[in-house]
Every structure is written in structure tokens, then in C-alpha cells.
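Okay, so here's the structure we're looking at.
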Amino acid sequence: MDFSYYMPAHLIFGRGKAKETGAYVKSLGNKALIVTGRSSAKKAGFLDLVTKSLEKEGIDWVLFDEIEPNPLTTTIDKGVKLARENKVDFVIGLGGGSPMDSAKAIAFGVKQEGSIADYLGAQPAGEALPIALITTTAGTGSEANKNAVLTNPETYAKKALSAPSTYPKISIIDPELMLTVPKKVTASTGIDVFFHCMESYLSKRSHPLSEPLSLEGMRLVVENLKGAYDDGRNIEYRERMAWANTIAGIAINLAGNCGIHALGHPISAYYDIPHGETLASVSLAFLRFSIPEAAEKLAKVARILGVKGEGMSDIEVAEKGIEAFETFLKSLDLPIRISAFGIGEEDIEKLAQNAYNNSFHNFKSSPREMTLDDARKLYIESL
Ligand SMILES: [Fe+2]
């Protein structure tokens with residue numbers, strides 16, 4: 001029952017809030033670095049929306065629009081240099097998880113020595129510039145936690161920087177920005193929300209405060225993700241997915257992820273595959289592996305997925321739940337095997353070693369603790 005709770009971000013949730021960004025962030029300083037991806041926020045008009053609102057409040061801004069999916073530590077180092085040269089007071093992350101995580105890392109890097117790569121996998125002390133985040137996807141939950149997941153291109157380590165100073169000061173969650181998210185991205189980011197909820201629920205670190213959030217987040221995803229996928233312009237589905245995403249971000253801030261994220265990260269790091277797709281591809285094997293230690297919780301997940309299971313044992317309900325989850329993934333056209341990415345048996349050792357070296361904490365927090373050999377077997381089962 002032990003837990004601690006610290007989540008100092010001011011979350012601003014609601015339709016139309018992004019166009020008021022300037023008013024919300026003006027307490028953070030007079031000059032901002034806007035961190036965003038190469039094109040989508042610009043194409044959709046969100047960059048204009050934000051810069052106009054900054055200008056209305058007399059806030060000067062500089063743009064860093066070089067963030068790639070699965071952001072690299074080398075890109076962050078470039079952003080840090082730009083932020084220093086321009087003497088910005090604060091950093092705004094605009095976009096999905098990659099720009100938001102990058103904004104956190106740049107804000108932190110400005111105040112530190114050396115490369116941001118030196119701080120991965122740690123909870124380093126040290127200050128950061130104030131951070132404001134505007135999420136344009138219902139995905140990573142980055143707006144509601146301190147994690148910045150980055151990939152070191154030299155070591156292929158995909159790891160989080162989680163400094164006490166990298167919590168956003170202000171996060172704006174405006175479902176209107178999510179109406180134009182493409183189908184494929186809706187599915188991969190939306191399923192990440194489900195995994196954050198399910199893994200934080202299954203994690204050995206789950207507790208009485210995190211569990212209700214995890215369960216409610218899963219319920220919202222099951223009820224709304226398919227709708228958002230099929231009918232992206234529907235603001236009701238988008239709004240409920242945005243809410244699920246925020247809940248999920250808080251849930252992982254409280255209880256963390258476990259083995260599915262541990263097995264998914266190396267696939268993104270080596271093959272640059274969207275995060276949510278990597279998770280889907282290894283999830284079924286992990287869930288089957290977890291049944292002996294997590295049947296009761298998996299039975300609860302199964303019931304959220306619509307399994308009735310009257311008169312059945314928890315193990316039987318859990319097994320039905322995994323089948324229902326496979327159907328759910330397929331309905332979103334998500335990959336359920338790693339061979340979908342061209343991964344073969346010859347790649348397994350490298351992936352397993354990478355997962356073990358970089359996500360050992362999530363091996364330990366899994367309901368059935370994972371070993372290096374388990375990781376090998378789970379990848380093979382996922383082929
Ligand atoms: Fe995730």
C-alpha cells in the first residue's frame with residue numbers, strides 16, 4: 001500500500017484551449033523556444049495558432065522544428081545549442097510525444113554540462129528551464145509526467161530521462177487539435193494509452209491511487225479508440241481519448257510501465273517503428289506469459305474488453321481476455337507480430353540484450369518478473 005504522489009503540472013483541458021496558449025504561458029517568461037516536428041503541426045495550422053497567441057501577449061519565440069519520431073539525443077543537443085544561443089526563458093513542446101519529450105530534454109539540457117545522452121536512464125538532480133506542453137495526439141501522456149524518452153543513436157539505447165525538474169509547468173490538452181490526426185497515428189498512439197493503463201495496472205508498483213486511474217483509462221480506450229479511428233473528425237471520441245491519455249500519463253507517473261514497454265523500446269530503437277506498434281507486436285506473448293502471476297488482474301482487464309466469463313476461473317477469463325485483445329488490435333489494423341517489421345530469428349539476441357540492458361527496471365516490475373532468457377523467448381513467440 002506504500003506510495004507517494006507528486007504531480008506539479010498545471011493541466012488545462014478543453015476544446016479551444018490551445019488558442020489561449022499565450023495567456024497561459026506568459027508567467028513563464030518573455031521568450032520561448034518552440035519545439036516541434038518537421039511538418040505536421042505546421043501543416044495543420046497549430047504552429048500559427050500558437051505563435052499568434054504568443055505574439056498577442058508580447059512573447060517572443062524561436063522555432064526548433066527538427067524533432068523526428070523516436071527523437072535522438074543528437075537532435076536534443078542541437079536544440080540545447082539553439083536555446084542557449086537565443087537565451088530563451090522557457091520551452092514549449094508542440095506535437096505528439098516526440099516533440100513534448102524533446103522539449104523537456106532541451107529545457108533540462110540547457111542547464112547542464114555535456115550531452116543529454118549522459119543523463120538517460122536516470123533521475124538526475126539539476127534544474128531545467130520552465131516547460132509548457134501542448135499535445136496534439138492522444139498518445140504518450142507526456143503532458144502529465146516528467147519522462148522524456150530518447151534514443152542514443154550510438155548505443156541504440158532508448159531510455160527515459162526523468163528529472164524532478166522535467167515536469168511541465170503547464171500542459172494544454174485541447175481535443176480540437178486531435179481531429180486531423182491520421183488514422184494510423186490514431187491507432188498507434190491510442191493503443192499506447194491502453195498499454196500505459198494496462199502496464200501500470202499489472203506492474204508490481206501499482207497501488208490504490210494508480211489502479212482506479214488505470215482501469216478507467218482502459219475502459220475509455222476500449223469504448224472510444226475504435227470510434228476515433230473510424231471517424232477521426234468526431235470531437236466526442238477525440239475528447240474522451242484525450243482524457244484517457246491524460247489519465248494514462250498520470251497512471252504511469254504513479255506506477256510506471258512494465259514488460260511490454262521493455263520489449264517494445266528496442267524495436268523502435270533499431271528499426272524506427274512507431275512506439276504503439278512495437279508494443280502491440282509483443283503484447284500477446286507477454287500477457288500469456290503473465291497469466292500465472294496476474295490472473296486476477298488480467299481477468300479484470302478481460303471484463304473491460306467485454307469478456308463475460310460467467311462461472312469461469314480467473315485464468316480462463318484472462319485467456320479469453322487475451323483473445324479479445326487480439327481482436328481489438330486487429331480491428332485497429334495494428335501488428336500483432338514482430339515479423340511484420342521484417343524482424344527475424346537472427347535479430348532476437350540483439351533485441352533481448354538491448355531490452356535487458358536498458359529496461360531492466362521494467363523486467364523487475366512485471367507481474368511475473370522477466371529474465372534475459374524470458375525476453376528471448378517472448379520475442380521468439382512474437383515472431
Ligand atoms: Fe508508451
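Letters A, B, ... mark the chains of the C-alpha cells in the order given; residue numbers begin at 1 per chain; ligand numbers begin at 1, in order shown.
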Write down as an NGL selection string the residues belonging to segment 83-310 of chain A that are assigned helix (DSSP H, G or I) by DSSP computed on the backbone.
-> :A and (83-85 or 97-109 or 116-119 or 142-144 or 164-166 or 175-178 or 183-202 or 210-230 or 235-255 or 259-271 or 275-304)
Close residues, segment 60-67 of chain A itself excluded, 7 Å, only C-alpha atoms, min 4 positions apart in chain, as a list in words |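 Non-adjacent residues within range: Asn30, Lys31, Ala32, Leu33, Ile34, Val35, Thr36, Gly37, Arg38, Glu55, Pro71, Thr75, Gly79, Ser98 and Pro99 of chain A.
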Any chance you can output those residues with C-alpha atoms as a short mmCIF file (atom, residue, chain, number, x, y, z; two decimals), in the first residue's frame?
data_model
loop_
_atom_site.label_atom_id
_atom_site.label_comp_id
_atom_site.auth_asym_id
_atom_site.auth_seq_id
_atom_site.Cartn_x
_atom_site.Cartn_y
_atom_site.Cartn_z
CA ASN A 30 9.28 36.72 -22.42
CA LYS A 31 10.99 34.46 -24.95
CA ALA A 32 10.13 30.86 -25.82
CA LEU A 33 11.79 28.10 -27.80
CA ILE A 34 9.03 26.23 -29.64
CA VAL A 35 9.99 22.59 -30.15
CA THR A 36 8.02 20.70 -32.78
CA GLY A 37 8.25 18.07 -35.50
CA ARG A 38 9.22 18.65 -39.09
CA GLU A 55 2.55 37.42 -30.10
CA PRO A 71 13.87 11.52 -31.06
CA THR A 75 18.87 16.25 -32.09
CA GLY A 79 18.09 22.16 -29.69
CA SER A 98 8.33 13.11 -29.53
CA PRO A 99 8.22 16.95 -29.55
#
Write out as a ChimeraX atom specification all residues of segment 36-116 of chain A that DSSP puts in strand (DSSP E) for this structure's backbone.
-> /A:36-37,60-67,90-95
Could you report the residues within 8 Å of ligand 1, using only C-alpha atoms and all ligand atoms, as a list in words?
->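 With only C-alpha atoms and all ligand atoms and a cut-off of 8 Å, ligand 1 is contacted by Gly139, Thr140, Gly141, Asp192, Val193, Phe195, His196, His261, His275, Gly276 and Leu279 of chain A.
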Can I get the selected residues back with C-alpha atoms, as a PDB file, in the first residue's frame?
ATOM      1  CA  GLY A 139      -0.860   9.091 -27.052  1.00  0.00           C
ATOM      2  CA  THR A 140       2.128   9.242 -24.792  1.00  0.00           C
ATOM      3  CA  GLY A 141       0.664  11.078 -21.808  1.00  0.00           C
ATOM      4  CA  ASP A 192      -0.075   3.333 -26.305  1.00  0.00           C
ATOM      5  CA  VAL A 193      -2.666   4.892 -23.966  1.00  0.00           C
ATOM      6  CA  PHE A 195      -0.696  -0.029 -22.660  1.00  0.00           C
ATOM      7  CA  HIS A 196       0.150   2.740 -20.194  1.00  0.00           C
ATOM      8  CA  HIS A 261       7.356  -1.269 -22.897  1.00  0.00           C
ATOM      9  CA  HIS A 275       6.085   3.156 -30.403  1.00  0.00           C
ATOM     10  CA  GLY A 276       2.489   1.915 -30.169  1.00  0.00           C
ATOM     11  CA  LEU A 279       4.001  -2.539 -28.070  1.00  0.00           C
TER      12      LEU A 279
END
Can you list, as a list in words, every protein, DNA or RNA residue that comes within 10 Å of Asn70 of chain A when you count only C-alpha atoms, leaving out same-chain residues fewer than 4 positions away?
->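 Selected residues are Gly97, Ser98, Pro99, Asp101, Ser102, Val149, Leu150, Thr151, Asn152, Lys158, His265, Ser268, Ala269, Asp272, Ile273, Pro274 and His275 of chain A.
Of the listed residues (A:Asp118, A:Glu277, A:Glu345, A:Asp231), A:Asp231 comes nearest to Val181 of chain A; the distances count only C-alpha atoms.
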Identify which of the residues A:Pro208, A:Gly93, A:Gly311, A:Pro153 lies closest to Thr74 of chain A, counting only C-alpha atoms when measuring atom-to-atom distances.
->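 Answer, going by the shortest atom-to-atom distance: A:Pro153.
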Long-range neighbours of segment 160-171 of chain A as a ChimeraX atom specification, 7 Å cut-off, only C-alpha atoms, 3 positions minimum in chain = /A:8-12,104,108,119-128,130-134,143,145-150
Compile the contact shell of Gly22 of chain A as a PDB file with C-alpha atoms, in the first residue's frame: residues with an atom at most 7 Å away, counting only C-alpha atoms, same-chain residues fewer than 3 positions apart removed.
ATOM      1  CA  VAL A  25       2.342  30.703 -20.508  1.00  0.00           C
ATOM      2  CA  LYS A  26       3.137  34.381 -20.084  1.00  0.00           C
ATOM      3  CA  SER A  53      -1.364  33.691 -29.276  1.00  0.00           C
ATOM      4  CA  LEU A  54       2.214  34.255 -28.047  1.00  0.00           C
ATOM      5  CA  GLU A  57       0.792  38.536 -25.255  1.00  0.00           C
TER       6      GLU A  57
END
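Of the residues under consideration (A:Asp77, A:Glu199, A:Asp89, A:Glu381), A:Asp77 shows the shortest atom-to-atom contact distance to Ser115 of chain A when counting only C-alpha atoms.
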What separation in Å, quoted to one decimal, exists between atom CA of Ser206 of chain A and atom CA of Ala355 of chain A?
->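 Answer for the atom CA of Ser206 of chain A to atom CA of Ala355 of chain A separation: 21.5 Å.
Among the candidates A:Ile348, A:Ile191, A:Ala107, A:Leu49, the residue lying nearest to Leu263 of chain A is A:Ile348 (atoms considered: only C-alpha atoms).
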